[in-house]
$ cat structure_20.tsv   # TSV, C-alpha atoms
chain	number	residue	atom	x	y	z
A	1	MET	CA	145.30	114.13	102.48
A	2	ASN	CA	141.54	113.67	102.85
A	3	ARG	CA	140.78	111.62	105.93
A	4	ARG	CA	137.33	110.39	106.95
A	5	VAL	CA	135.83	112.44	109.77
A	6	VAL	CA	133.53	110.96	112.40
A	7	ILE	CA	131.37	112.34	115.22
A	8	THR	CA	132.23	110.95	118.64
A	9	GLY	CA	130.88	113.43	121.21
A	10	LEU	CA	127.78	115.59	121.61
A	11	GLY	CA	126.86	118.37	124.03
A	12	ALA	CA	123.66	120.39	123.99
A	13	VAL	CA	122.23	123.15	126.14
A	14	SER	CA	118.89	124.52	124.98
A	15	GLY	CA	115.39	125.41	126.02
A	16	LEU	CA	114.79	121.66	126.17
A	17	GLY	CA	117.36	121.12	128.93
A	18	LEU	CA	120.96	121.23	130.07
A	19	ASN	CA	122.31	118.15	128.28
A	20	ALA	CA	122.12	116.24	125.01
A	21	THR	CA	120.25	113.30	126.51
A	22	THR	CA	117.34	115.49	127.60
A	23	PHE	CA	117.55	117.42	124.33
A	24	TRP	CA	117.05	114.22	122.34
A	25	GLN	CA	114.36	112.77	124.61
A	26	GLU	CA	112.31	115.95	124.36
A	27	LEU	CA	112.73	116.14	120.59
A	28	VAL	CA	111.53	112.57	120.15
A	29	ALA	CA	108.58	113.27	122.45
A	30	GLY	CA	107.67	116.31	120.33
A	31	GLN	CA	107.91	118.57	123.36
A	32	SER	CA	108.27	122.28	122.68
A	33	ALA	CA	110.37	124.47	124.95
A	34	ILE	CA	108.55	127.59	123.76
A	35	LYS	CA	106.95	129.36	126.71
A	36	PRO	CA	105.90	132.86	127.81
A	37	LEU	CA	108.90	135.02	128.63
A	38	ASN	CA	109.05	136.09	132.25
A	39	LEU	CA	111.97	138.46	131.93
A	40	PRO	CA	112.58	141.59	134.00
A	41	ILE	CA	112.42	143.65	130.81
A	42	GLU	CA	109.76	146.28	130.11
A	43	ASP	CA	108.36	147.58	126.83
A	44	ILE	CA	108.98	144.40	124.81
A	45	LYS	CA	106.39	143.08	122.39
A	46	ILE	CA	108.12	139.69	121.95
A	47	SER	CA	106.35	137.63	124.58
A	48	ILE	CA	107.50	134.01	124.00
A	49	GLY	CA	110.80	132.21	123.65
A	50	ALA	CA	112.81	129.10	124.46
A	51	LEU	CA	114.99	129.93	127.47
A	52	VAL	CA	117.34	127.40	129.06
A	53	PRO	CA	115.32	126.10	132.03
A	54	GLU	CA	116.45	126.04	135.67
A	55	PHE	CA	119.89	127.40	134.83
A	56	ASP	CA	121.91	128.56	137.84
A	57	PRO	CA	125.44	129.59	136.79
A	58	GLU	CA	126.74	128.99	140.32
A	59	ASN	CA	126.03	125.28	139.90
A	60	HIS	CA	128.54	125.15	137.05
A	61	PHE	CA	131.19	127.78	137.76
A	62	SER	CA	133.13	129.26	140.65
A	63	SER	CA	132.59	132.89	141.66
A	64	ASP	CA	136.00	133.75	140.20
A	65	ASP	CA	135.08	132.14	136.87
A	66	LEU	CA	131.79	134.01	136.71
A	67	THR	CA	133.54	137.38	136.63
A	68	LEU	CA	134.86	136.46	133.16
A	69	LEU	CA	131.87	134.64	131.69
A	70	ASP	CA	129.12	136.18	129.62
A	71	ARG	CA	126.00	134.02	129.42
A	72	PHE	CA	126.86	132.82	125.90
A	73	SER	CA	130.28	131.68	127.15
A	74	MET	CA	128.71	129.83	130.08
A	75	LEU	CA	126.41	127.89	127.78
A	76	ALA	CA	129.31	127.12	125.44
A	77	VAL	CA	131.53	125.76	128.22
A	78	ILE	CA	128.76	123.58	129.69
A	79	ALA	CA	127.98	122.04	126.29
A	80	ALA	CA	131.70	121.64	125.51
A	81	ARG	CA	132.33	119.80	128.77
A	82	GLU	CA	129.50	117.42	127.97
A	83	ALA	CA	130.68	116.78	124.41
A	84	VAL	CA	134.24	116.03	125.49
A	85	CYS	CA	133.05	113.73	128.28
A	86	ASP	CA	130.60	112.03	125.90
A	87	ALA	CA	133.49	111.36	123.53
A	88	GLY	CA	135.44	109.66	126.32
A	89	LEU	CA	138.17	112.29	126.32
A	90	CYS	CA	139.62	113.82	129.46
A	91	SER	CA	141.13	117.20	130.18
A	92	GLY	CA	144.91	116.96	130.13
A	93	GLU	CA	145.10	114.13	127.60
A	94	ASP	CA	147.09	114.81	124.45
A	95	SER	CA	143.99	114.18	122.31
A	96	ILE	CA	142.13	117.12	123.82
A	97	THR	CA	145.13	119.31	124.59
A	98	GLN	CA	146.17	119.35	120.95
A	99	ALA	CA	142.63	119.58	119.58
A	100	ALA	CA	141.15	122.51	117.71
A	101	ALA	CA	138.33	124.52	119.27
A	102	ILE	CA	136.20	126.51	116.83
A	103	ILE	CA	133.18	128.17	118.42
A	104	GLY	CA	130.66	130.14	116.40
A	105	SER	CA	128.18	132.76	117.53
A	106	GLY	CA	125.66	134.98	115.84
A	107	CYS	CA	125.66	137.57	118.63
A	108	GLY	CA	128.64	137.20	120.96
A	109	GLY	CA	128.54	138.58	124.48
A	110	LYS	CA	125.42	140.71	124.27
A	111	HIS	CA	124.58	140.38	127.96
A	112	THR	CA	127.90	142.03	128.79
A	113	ASP	CA	127.39	144.74	126.18
A	114	GLU	CA	123.88	145.42	127.45
A	115	ALA	CA	125.00	145.70	131.07
A	116	THR	CA	127.78	148.08	130.04
A	117	TYR	CA	125.48	150.37	128.06
A	118	ASP	CA	122.96	150.35	130.89
A	119	GLN	CA	125.66	151.47	133.33
A	120	LEU	CA	127.08	154.16	131.04
A	121	TYR	CA	123.92	155.61	129.50
A	122	LYS	CA	121.13	154.85	131.94
A	123	GLN	CA	122.95	154.91	135.27
A	124	GLN	CA	125.32	157.66	134.06
A	125	ARG	CA	128.40	155.91	135.38
A	126	THR	CA	131.70	157.30	134.13
A	127	ARG	CA	133.61	154.01	133.74
A	128	ALA	CA	132.95	150.54	132.37
A	129	HIS	CA	133.87	147.34	134.17
A	130	PRO	CA	137.57	146.56	133.51
A	131	LEU	CA	136.75	143.08	132.16
A	132	THR	CA	134.09	144.26	129.68
A	133	ILE	CA	136.19	143.58	126.58
A	134	PRO	CA	137.44	140.04	127.37
A	135	LYS	CA	134.02	139.06	128.66
A	136	GLY	CA	131.94	140.38	125.78
A	137	MET	CA	134.17	139.94	122.74
A	138	PRO	CA	132.88	137.53	120.03
A	139	SER	CA	135.78	135.14	120.68
A	140	ALA	CA	135.14	135.01	124.43
A	141	ALA	CA	133.35	131.65	124.26
A	142	ALA	CA	136.19	130.09	122.26
A	143	SER	CA	138.74	131.39	124.78
A	144	MET	CA	136.69	130.17	127.74
A	145	VAL	CA	136.19	126.72	126.20
A	146	SER	CA	139.95	126.54	125.63
A	147	LYS	CA	140.66	127.63	129.21
A	148	HIS	CA	138.17	125.36	130.94
A	149	LEU	CA	139.00	122.24	128.92
A	150	GLY	CA	142.73	122.74	128.55
A	151	ILE	CA	142.64	122.94	124.76
A	152	LYS	CA	145.87	124.41	123.36
A	153	GLY	CA	145.44	123.71	119.66
A	154	PRO	CA	144.01	126.10	117.04
A	155	THR	CA	141.27	128.06	118.77
A	156	PHE	CA	139.14	130.85	117.33
A	157	ALA	CA	135.64	132.21	116.84
A	158	LEU	CA	133.52	132.22	113.71
A	159	ALA	CA	130.53	134.44	112.98
A	160	SER	CA	128.06	133.95	110.12
A	161	ALA	CA	124.73	134.70	111.79
A	162	CYS	CA	122.42	131.66	111.87
A	163	ALA	CA	124.95	129.47	110.03
A	164	SER	CA	127.75	130.08	112.57
A	165	GLY	CA	127.55	126.65	114.19
A	166	SER	CA	127.42	124.84	110.86
A	167	HIS	CA	130.37	126.81	109.49
A	168	ALA	CA	132.38	126.11	112.66
A	169	ILE	CA	131.68	122.38	112.31
A	170	ILE	CA	132.72	122.45	108.66
A	171	GLN	CA	135.92	124.31	109.55
A	172	GLY	CA	136.81	121.65	112.10
A	173	CYS	CA	136.05	118.91	109.59
A	174	THR	CA	138.34	120.38	106.94
A	175	MET	CA	141.15	120.85	109.48
A	176	ILE	CA	140.94	117.15	110.34
A	177	GLN	CA	140.75	116.12	106.69
A	178	SER	CA	143.85	118.16	105.92
A	179	GLY	CA	145.83	116.50	108.71
A	180	MET	CA	146.24	119.71	110.72
A	181	VAL	CA	144.57	118.15	113.79
A	182	ASP	CA	143.14	114.77	114.78
A	183	VAL	CA	140.39	116.13	117.04
A	184	ALA	CA	138.20	119.23	116.85
A	185	LEU	CA	135.66	120.55	119.35
A	186	VAL	CA	133.24	122.60	117.29
A	187	GLY	CA	129.85	124.26	117.60
A	188	ALA	CA	128.23	127.53	118.57
A	189	SER	CA	126.52	129.40	121.38
A	190	ASP	CA	124.07	132.29	121.57
A	191	ALA	CA	122.12	134.03	124.32
A	192	PRO	CA	119.95	136.68	122.65
A	193	PHE	CA	117.47	137.55	125.38
A	194	THR	CA	118.54	141.12	126.09
A	195	PHE	CA	116.52	144.32	125.78
A	196	GLY	CA	118.51	145.59	122.81
A	197	LEU	CA	118.35	142.36	120.83
A	198	LEU	CA	114.68	141.77	121.56
A	199	LYS	CA	113.84	145.30	120.41
A	200	SER	CA	115.93	144.72	117.28
A	201	TRP	CA	114.16	141.46	116.42
A	202	GLU	CA	110.88	143.15	117.16
A	203	ALA	CA	111.75	145.81	114.56
A	204	LEU	CA	112.41	143.14	111.91
A	205	ARG	CA	108.80	141.95	112.24
A	206	VAL	CA	109.64	138.27	111.75
A	207	ALA	CA	108.93	137.10	115.32
A	208	THR	CA	105.58	135.53	116.16
A	209	HIS	CA	103.44	135.98	119.26
A	210	ASP	CA	101.87	132.54	118.79
A	211	THR	CA	104.26	129.60	118.43
A	212	CYS	CA	106.71	128.22	115.89
A	213	ARG	CA	104.86	126.34	113.11
A	214	PRO	CA	107.33	125.65	110.28
A	215	PHE	CA	105.80	124.93	106.86
A	216	CYS	CA	102.23	125.48	108.07
A	217	ALA	CA	99.64	127.66	106.35
A	218	ASP	CA	99.06	129.55	109.62
A	219	ARG	CA	102.73	130.06	110.50
A	220	SER	CA	103.52	133.58	111.62
A	221	GLY	CA	107.27	133.77	112.23
A	222	ILE	CA	110.21	132.71	114.33
A	223	VAL	CA	110.48	132.13	118.06
A	224	LEU	CA	113.84	133.02	119.56
A	225	GLY	CA	115.75	130.50	121.64
A	226	GLU	CA	119.10	130.34	123.37
A	227	GLY	CA	121.65	127.61	123.89
A	228	ALA	CA	124.82	125.94	122.73
A	229	GLY	CA	125.59	122.89	120.65
A	230	MET	CA	129.04	121.29	120.69
A	231	VAL	CA	130.37	118.36	118.69
A	232	VAL	CA	133.61	116.38	118.96
A	233	LEU	CA	134.97	115.46	115.54
A	234	GLU	CA	137.86	113.05	115.00
A	235	SER	CA	139.63	111.38	112.16
A	236	GLU	CA	138.23	107.89	111.85
A	237	GLN	CA	141.68	106.43	112.40
A	238	HIS	CA	142.13	108.35	115.65
A	239	ALA	CA	138.67	107.41	116.92
A	240	LYS	CA	139.10	103.72	116.13
A	241	ALA	CA	142.59	103.62	117.66
A	242	ARG	CA	141.20	104.65	121.04
A	243	GLY	CA	138.05	102.53	120.76
A	244	ALA	CA	135.67	105.49	120.67
A	245	ARG	CA	131.95	105.13	120.10
A	246	ILE	CA	131.13	106.65	116.70
A	247	TYR	CA	127.74	108.29	116.17
A	248	ALA	CA	128.07	108.93	112.45
A	249	GLN	CA	130.43	109.98	109.68
A	250	LEU	CA	130.51	113.64	108.72
A	251	ALA	CA	130.53	112.89	105.03
A	252	GLY	CA	130.43	116.24	103.29
A	253	CYS	CA	129.49	119.90	103.31
A	254	GLY	CA	128.33	122.62	100.98
A	255	MET	CA	128.54	126.38	101.41
A	256	THR	CA	127.26	129.18	99.18
A	257	SER	CA	126.37	132.86	99.35
A	258	ASP	CA	123.34	134.34	97.64
A	259	ALA	CA	125.15	137.63	96.96
A	260	GLY	CA	121.70	139.17	96.93
A	261	HIS	CA	118.99	140.25	99.33
A	262	ILE	CA	120.20	140.53	102.92
A	263	THR	CA	117.18	138.79	104.50
A	264	ARG	CA	115.21	137.09	101.71
A	265	PRO	CA	116.40	133.50	100.98
A	266	ASP	CA	117.31	132.52	97.44
A	267	VAL	CA	116.24	129.13	96.06
A	268	THR	CA	119.31	128.85	93.82
A	269	GLY	CA	121.69	129.60	96.69
A	270	ILE	CA	120.02	127.00	98.89
A	271	SER	CA	119.88	124.29	96.24
A	272	SER	CA	123.51	124.93	95.27
A	273	ALA	CA	124.62	124.41	98.87
A	274	ILE	CA	122.71	121.11	99.06
A	275	ILE	CA	124.16	119.92	95.73
A	276	ASN	CA	127.68	120.90	96.83
A	277	ALA	CA	127.33	118.96	100.09
A	278	LEU	CA	126.15	115.83	98.30
A	279	ASP	CA	128.85	116.11	95.61
A	280	TYR	CA	131.57	116.63	98.26
A	281	ALA	CA	130.35	113.52	100.10
A	282	GLY	CA	129.92	111.43	96.95
A	283	ILE	CA	126.26	110.93	97.84
A	284	ASN	CA	123.56	110.50	95.21
A	285	PRO	CA	120.36	112.46	95.97
A	286	ASP	CA	118.45	109.16	95.93
A	287	GLU	CA	120.49	108.00	98.95
A	288	VAL	CA	119.27	110.77	101.27
A	289	ASP	CA	116.66	109.72	103.82
A	290	TYR	CA	116.20	112.72	106.11
A	291	VAL	CA	116.49	116.50	105.89
A	292	ASN	CA	116.77	118.51	109.08
A	293	ALA	CA	115.37	121.73	107.65
A	294	HIS	CA	116.35	125.27	108.51
A	295	GLY	CA	112.57	125.67	108.89
A	296	THR	CA	112.19	129.03	110.59
A	297	ALA	CA	108.38	129.35	110.14
A	298	THR	CA	108.77	132.63	108.28
A	299	GLN	CA	106.75	133.10	105.11
A	300	ALA	CA	109.81	133.39	102.86
A	301	ASN	CA	112.13	130.72	104.26
A	302	ASP	CA	109.75	127.77	104.32
A	303	ILE	CA	108.60	128.24	100.74
A	304	ALA	CA	112.14	128.80	99.43
A	305	GLU	CA	113.57	125.81	101.30
A	306	THR	CA	110.75	123.55	100.08
A	307	ALA	CA	111.30	124.72	96.50
A	308	ALA	CA	115.04	124.05	96.77
A	309	ILE	CA	114.49	120.54	98.14
A	310	ASN	CA	112.09	119.80	95.30
A	311	GLN	CA	114.57	121.20	92.81
A	312	VAL	CA	117.51	119.11	94.05
A	313	PHE	CA	115.73	115.83	94.77
A	314	GLY	CA	113.01	115.75	92.10
A	315	ASP	CA	110.70	112.77	92.57
A	316	ARG	CA	112.74	111.69	95.59
A	317	ALA	CA	111.69	114.85	97.48
A	318	LYS	CA	108.25	113.47	98.32
A	319	LYS	CA	109.84	110.38	99.87
A	320	LEU	CA	112.14	112.33	102.19
A	321	ALA	CA	111.40	112.83	105.86
A	322	VAL	CA	111.78	116.58	106.44
A	323	SER	CA	111.45	118.20	109.86
A	324	SER	CA	112.29	121.42	111.66
A	325	THR	CA	113.41	121.03	115.25
A	326	LYS	CA	113.22	124.82	115.70
A	327	SER	CA	109.57	124.10	116.40
A	328	MET	CA	110.81	122.73	119.74
A	329	HIS	CA	114.09	124.45	120.71
A	330	GLY	CA	113.32	127.75	119.03
A	331	HIS	CA	115.70	129.70	116.82
A	332	ALA	CA	118.88	129.90	118.88
A	333	LEU	CA	120.53	131.88	116.07
A	334	GLY	CA	124.13	130.71	115.50
A	335	ALA	CA	123.68	127.87	117.96
A	336	SER	CA	120.66	126.49	116.09
A	337	SER	CA	122.74	125.03	113.27
A	338	ALA	CA	124.90	123.17	115.79
A	339	LEU	CA	121.89	121.91	117.75
A	340	GLU	CA	120.30	120.76	114.50
A	341	LEU	CA	123.43	118.87	113.46
A	342	ILE	CA	123.26	117.11	116.83
A	343	ALA	CA	119.59	116.28	116.21
A	344	SER	CA	120.46	114.93	112.74
A	345	THR	CA	123.32	112.84	114.15
A	346	LEU	CA	121.12	111.29	116.83
A	347	ALA	CA	118.38	110.66	114.27
A	348	ILE	CA	120.82	108.60	112.19
A	349	TYR	CA	122.28	106.87	115.26
A	350	HIS	CA	118.92	105.87	116.81
A	351	GLY	CA	116.87	105.45	113.64
A	352	ILE	CA	114.27	107.99	114.73
A	353	VAL	CA	113.17	111.12	112.86
A	354	PRO	CA	112.25	113.96	115.24
A	355	PRO	CA	108.97	115.64	114.29
A	356	THR	CA	107.99	119.13	113.30
A	357	ALA	CA	106.01	120.11	116.39
A	358	ASN	CA	102.97	122.41	116.52
A	359	PHE	CA	102.04	121.30	113.00
A	360	THR	CA	98.54	122.17	111.76
A	361	VAL	CA	97.95	122.27	107.98
A	362	ALA	CA	100.69	122.57	105.40
A	363	ASP	CA	101.06	125.73	103.35
A	364	GLU	CA	99.92	125.21	99.76
A	365	HIS	CA	103.51	125.84	98.60
A	366	CYS	CA	104.98	123.43	101.17
A	367	ASP	CA	104.28	119.98	99.76
A	368	LEU	CA	106.77	117.66	101.48
A	369	ASP	CA	106.55	115.13	104.31
A	370	TYR	CA	107.28	117.31	107.35
A	371	VAL	CA	106.85	114.49	109.94
A	372	PRO	CA	104.03	116.34	111.72
A	373	ASN	CA	103.95	116.26	115.52
A	374	ILE	CA	104.97	112.62	116.09
A	375	ALA	CA	108.48	111.17	115.81
A	376	ARG	CA	108.95	108.36	113.33
A	377	GLU	CA	111.07	105.22	113.66
A	378	GLN	CA	112.92	104.86	110.39
A	379	GLU	CA	116.23	103.34	109.41
A	380	MET	CA	118.40	106.01	107.83
A	381	ASP	CA	121.74	105.91	106.10
A	382	VAL	CA	122.11	109.54	105.04
A	383	ALA	CA	120.83	112.83	106.43
A	384	ILE	CA	121.51	116.46	105.64
A	385	SER	CA	121.23	119.45	107.97
A	386	ASN	CA	120.34	122.80	106.36
A	387	SER	CA	121.32	126.20	107.74
A	388	PHE	CA	120.65	129.52	106.03
A	389	ALA	CA	121.69	132.85	107.53
A	390	PHE	CA	120.85	136.50	107.09
A	391	GLY	CA	123.21	137.92	104.54
A	392	GLY	CA	122.47	135.01	102.23
A	393	LEU	CA	124.98	132.61	103.80
A	394	ASN	CA	124.00	129.00	103.16
A	395	SER	CA	125.51	125.91	104.75
A	396	VAL	CA	124.58	122.24	104.45
A	397	ILE	CA	126.20	119.28	106.22
A	398	ALA	CA	125.75	115.66	105.06
A	399	ILE	CA	126.19	112.78	107.49
A	400	ARG	CA	126.25	109.01	106.96
A	401	LYS	CA	125.50	106.14	109.25
A	402	HIS	CA	128.86	104.73	110.31
A	403	SER	CA	129.67	101.14	109.50

$ encode --input "structure_20.tsv" --output "structure tokens"
Amino acid sequence: MNRRVVITGLGAVSGLGLNATTFWQELVAGQSAIKPLNLPIEDIKISIGALVPEFDPENHFSSDDLTLLDRFSMLAVIAAREAVCDAGLCSGEDSITQAAAIIGSGCGGKHTDEATYDQLYKQQRTRAHPLTIPKGMPSAAASMVSKHLGIKGPTFALASACASGSHAIIQGCTMIQSGMVDVALVGASDAPFTFGLLKSWEALRVATHDTCRPFCADRSGIVLGEGAGMVVLESEQHAKARGARIYAQLAGCGMTSDAGHITRPDVTGISSAIINALDYAGINPDEVDYVNAHGTATQANDIAETAAINQVFGDRAKKLAVSSTKSMHGHALGASSALELIASTLAIYHGIVPPTANFTVADEHCDLDYVPNIAREQEMDVAISNSFAFGGLNSVIAIRKHS
């Protein structure tokens, strides 16, 4: 069995706002969520980021719920609620009750871990909070999404660093194609703004103090973000039977591992993932219109990704629209790949390519059309969304305009 899979619901929480509508509007406007960090944390050199704005947990959860929710779980549940509502599904219906819920994360419940270590080591307390484990475990967001939306089908977490959201989406797709489920709620969530994580990223020396300028000659590194992206996938038959609005078809996917350097991207690994996604979908490279790039604004990634695109698409590469939305929502780690799939889906659905914001002058080794600064109206039939993670884990998703 190999059923067609379609996208029927979207939910996004990011530095650009608390819902997918605002997320898309800000992307199209080329608005960057990157701002100075005003965190109550001392001795941190990372000074900018893309934090979720005006977020008050008490507006979304009861006091009892909050005792069990790490920040990454909160963001996941809010985005999941939106995606399910956007798909026209309701809690308690068979469609959602029997759905799968696969939620990725690059970090898990780091806010809970941080608070626990602060209490034990800094405050010299002798006991941890009794709910530390269920609140901070990597699968906490998946469990909380299941609980809050009444999902009783296959539910689990998935962790593959910055490709976590993409891998979760692919897992849901294959489960639908196999006939295991008809509906899957998939995506990822990350909330990395803790002292320990910021110091760790600081030590890697890949974070910029300026802004995120993917593919530019003067780029100087990533800008961290936080958020959650959630997508409702359905078999086409199931979606049509209930009269659902369909954003796009999830046509294919490709996954590879570099089996090499832990942080330096490999052109062959990237190009193989793109080729595998197109082959899986039965898409000719000449059919692709848009590439939502991984585009981290690091020296190594942007050159390697450009080289891989040139390698796969040949002469077609110069005709592709290529953009990095990380220039606006920051690098939300595992959640970025889910947010970028949402951006790619809405680009296909609305016929608008979101820009690469903050663009100055292209690097001499970055020779593609990066849609600088201004969104572009363009009819598109096929798009791919690239995600490449530390550890050499590459994931590419291909989507088609639904007809």

$ axis_aligned_box --input "structure_20.tsv" --around "segment 310-324 of chain A" --padding-each-side "3 Å" --output "AutoDock Vina command-line options"
--center_x 112.9 --center_y 115.9 --center_z 101.9 --size_x 15.3 --size_y 17.0 --size_z 25.6

$ residues_near_point --input "structure_20.tsv" --point "(112.8, 106.5, 113.9)" --cutoff "12 Å" --atoms "all atoms listed in the file" --output "PyMOL selection string"
chain A and resi 27-29+289-290+321+344+346-355+371+374-381

$ closest_residue --input "structure_20.tsv" --among "A:Gly260, A:Gly282, A:Pro134, A:Gly11" --to "Phe390 of chain A" --atoms "only C-alpha atoms"
A:Gly260

$ residues_around --input "structure_20.tsv" --residues "Ala239 of chain A" --least-positions-apart "4" --cutoff "9 Å" --atoms "all atoms listed in the file" --output "PyMOL selection string"
chain A and resi 6-8+182-183+233-235+243-246

$ residues_around --input "structure_20.tsv" --residues "Ala83 of chain A" --least-positions-apart "5" --cutoff "10 Å" --atoms "only C-alpha atoms" --output "list in words"
Thr8, Gly9, Leu10, Gly11, Ala12, Asn19, Ala20, Val77, Ile78, Gly88, Leu89, Leu185, Val186, Gly229, Met230, Val231, Val232 and Leu233 of chain A

$ residues_around --input "structure_20.tsv" --residues "Ala317 of chain A" --least-positions-apart "2" --cutoff "12 Å" --atoms "only C-alpha atoms" --output "PyMOL selection string"
chain A and resi 285-291+305-315+319-322+366-370

$ atom_distance --input "structure_20.tsv" --atom1 "atom CA of Glu364 of chain A" --atom2 "atom CA of Ile303 of chain A"
9.2 Å

$ closest_residue --input "structure_20.tsv" --among "A:Lys326, A:Arg81, A:Arg71, A:Lys35" --to "Glu114 of chain A" --atoms "all atoms listed in the file"
A:Arg71

$ closest_residue --input "structure_20.tsv" --among "A:Arg242, A:Arg219, A:Lys122, A:Lys401" --to "Thr296 of chain A" --atoms "all atoms listed in the file"
A:Arg219

$ residues_around --input "structure_20.tsv" --residues "Gln31 of chain A" --least-positions-apart "4" --cutoff "8 Å" --atoms "all atoms listed in the file" --output "number ranges by chain"
A: 26-27, 328, 357

$ write_last_selection --input "structure_20.tsv" --atoms "C-alpha atoms" --output "tab-separated table (two decimals), in the frame of the given file"
chain	number	residue	atom	x	y	z
A	26	GLU	CA	112.31	115.95	124.36
A	27	LEU	CA	112.73	116.14	120.59
A	328	MET	CA	110.81	122.73	119.74
A	357	ALA	CA	106.01	120.11	116.39

$ atom_distance --input "structure_20.tsv" --atom1 "atom CA of Leu131 of chain A" --atom2 "atom CA of Thr67 of chain A"
7.9 Å

$ residues_around --input "structure_20.tsv" --residues "Asn292 of chain A" --least-positions-apart "2" --cutoff "9 Å" --atoms "all atoms listed in the file" --output "list in words"
Tyr290, His294, Gly295, Ala321, Val322, Ser323, Ser324, Thr325, Glu340, Leu341, Ala343, Ser344, Pro354, Ala383, Ile384, Ser385 and Asn386 of chain A

$ atom_distance --input "structure_20.tsv" --atom1 "atom CA of Ala297 of chain A" --atom2 "atom CA of Tyr280 of chain A"
29.0 Å

$ closest_residue --input "structure_20.tsv" --among "A:Ser220, A:Ser403, A:Gln123, A:Ser327" --to "Asn373 of chain A" --atoms "all atoms listed in the file"
A:Ser327

$ closest_residue --input "structure_20.tsv" --among "A:Ala87, A:Ala191, A:Ile46, A:Cys173" --to "Asp70 of chain A" --atoms "all atoms listed in the file"
A:Ala191

$ decode --input "structure_20.tsv" --residues "segment 369-381 of chain A" --atoms "N, CA and C atoms" --output "JSON list (two decimals), in the first residue's frame"
[["chain", "number", "residue", "atom", "x", "y", "z"],
["A", 369, "ASP", "N", 19.81, 32.20, -6.99],
["A", 369, "ASP", "CA", 18.82, 33.26, -6.78],
["A", 369, "ASP", "C", 18.22, 33.09, -5.39],
["A", 370, "TYR", "N", 18.68, 33.88, -4.43],
["A", 370, "TYR", "CA", 18.27, 33.72, -3.03],
["A", 370, "TYR", "C", 17.08, 34.59, -2.63],
["A", 371, "VAL", "N", 16.37, 35.13, -3.61],
["A", 371, "VAL", "CA", 15.17, 35.96, -3.38],
["A", 371, "VAL", "C", 15.48, 37.01, -2.30],
["A", 372, "PRO", "N", 16.38, 37.91, -2.54],
["A", 372, "PRO", "CA", 16.84, 38.83, -1.50],
["A", 372, "PRO", "C", 15.79, 39.83, -1.04],
["A", 373, "ASN", "N", 15.48, 39.78, 0.24],
["A", 373, "ASN", "CA", 14.75, 40.82, 0.98],
["A", 373, "ASN", "C", 13.28, 41.02, 0.65],
["A", 374, "ILE", "N", 12.86, 40.74, -0.57],
["A", 374, "ILE", "CA", 11.47, 41.01, -0.97],
["A", 374, "ILE", "C", 10.83, 39.72, -1.49],
["A", 375, "ALA", "N", 9.65, 39.41, -0.95],
["A", 375, "ALA", "CA", 8.91, 38.22, -1.40],
["A", 375, "ALA", "C", 8.57, 38.35, -2.88],
["A", 376, "ARG", "N", 8.34, 37.20, -3.50],
["A", 376, "ARG", "CA", 8.12, 37.18, -4.94],
["A", 376, "ARG", "C", 6.87, 36.37, -5.27],
["A", 377, "GLU", "N", 5.94, 36.98, -5.98],
["A", 377, "GLU", "CA", 4.78, 36.22, -6.46],
["A", 377, "GLU", "C", 5.22, 35.33, -7.61],
["A", 378, "GLN", "N", 4.94, 34.05, -7.48],
["A", 378, "GLN", "CA", 5.40, 33.10, -8.49],
["A", 378, "GLN", "C", 4.58, 31.82, -8.39],
["A", 379, "GLU", "N", 3.97, 31.42, -9.47],
["A", 379, "GLU", "CA", 3.26, 30.15, -9.48],
["A", 379, "GLU", "C", 4.27, 29.02, -9.33],
["A", 380, "MET", "N", 3.96, 28.10, -8.44],
["A", 380, "MET", "CA", 4.87, 26.98, -8.17],
["A", 380, "MET", "C", 4.10, 25.68, -8.13],
["A", 381, "ASP", "N", 4.68, 24.67, -8.71],
["A", 381, "ASP", "CA", 4.09, 23.33, -8.66],
["A", 381, "ASP", "C", 4.84, 22.41, -7.70]]
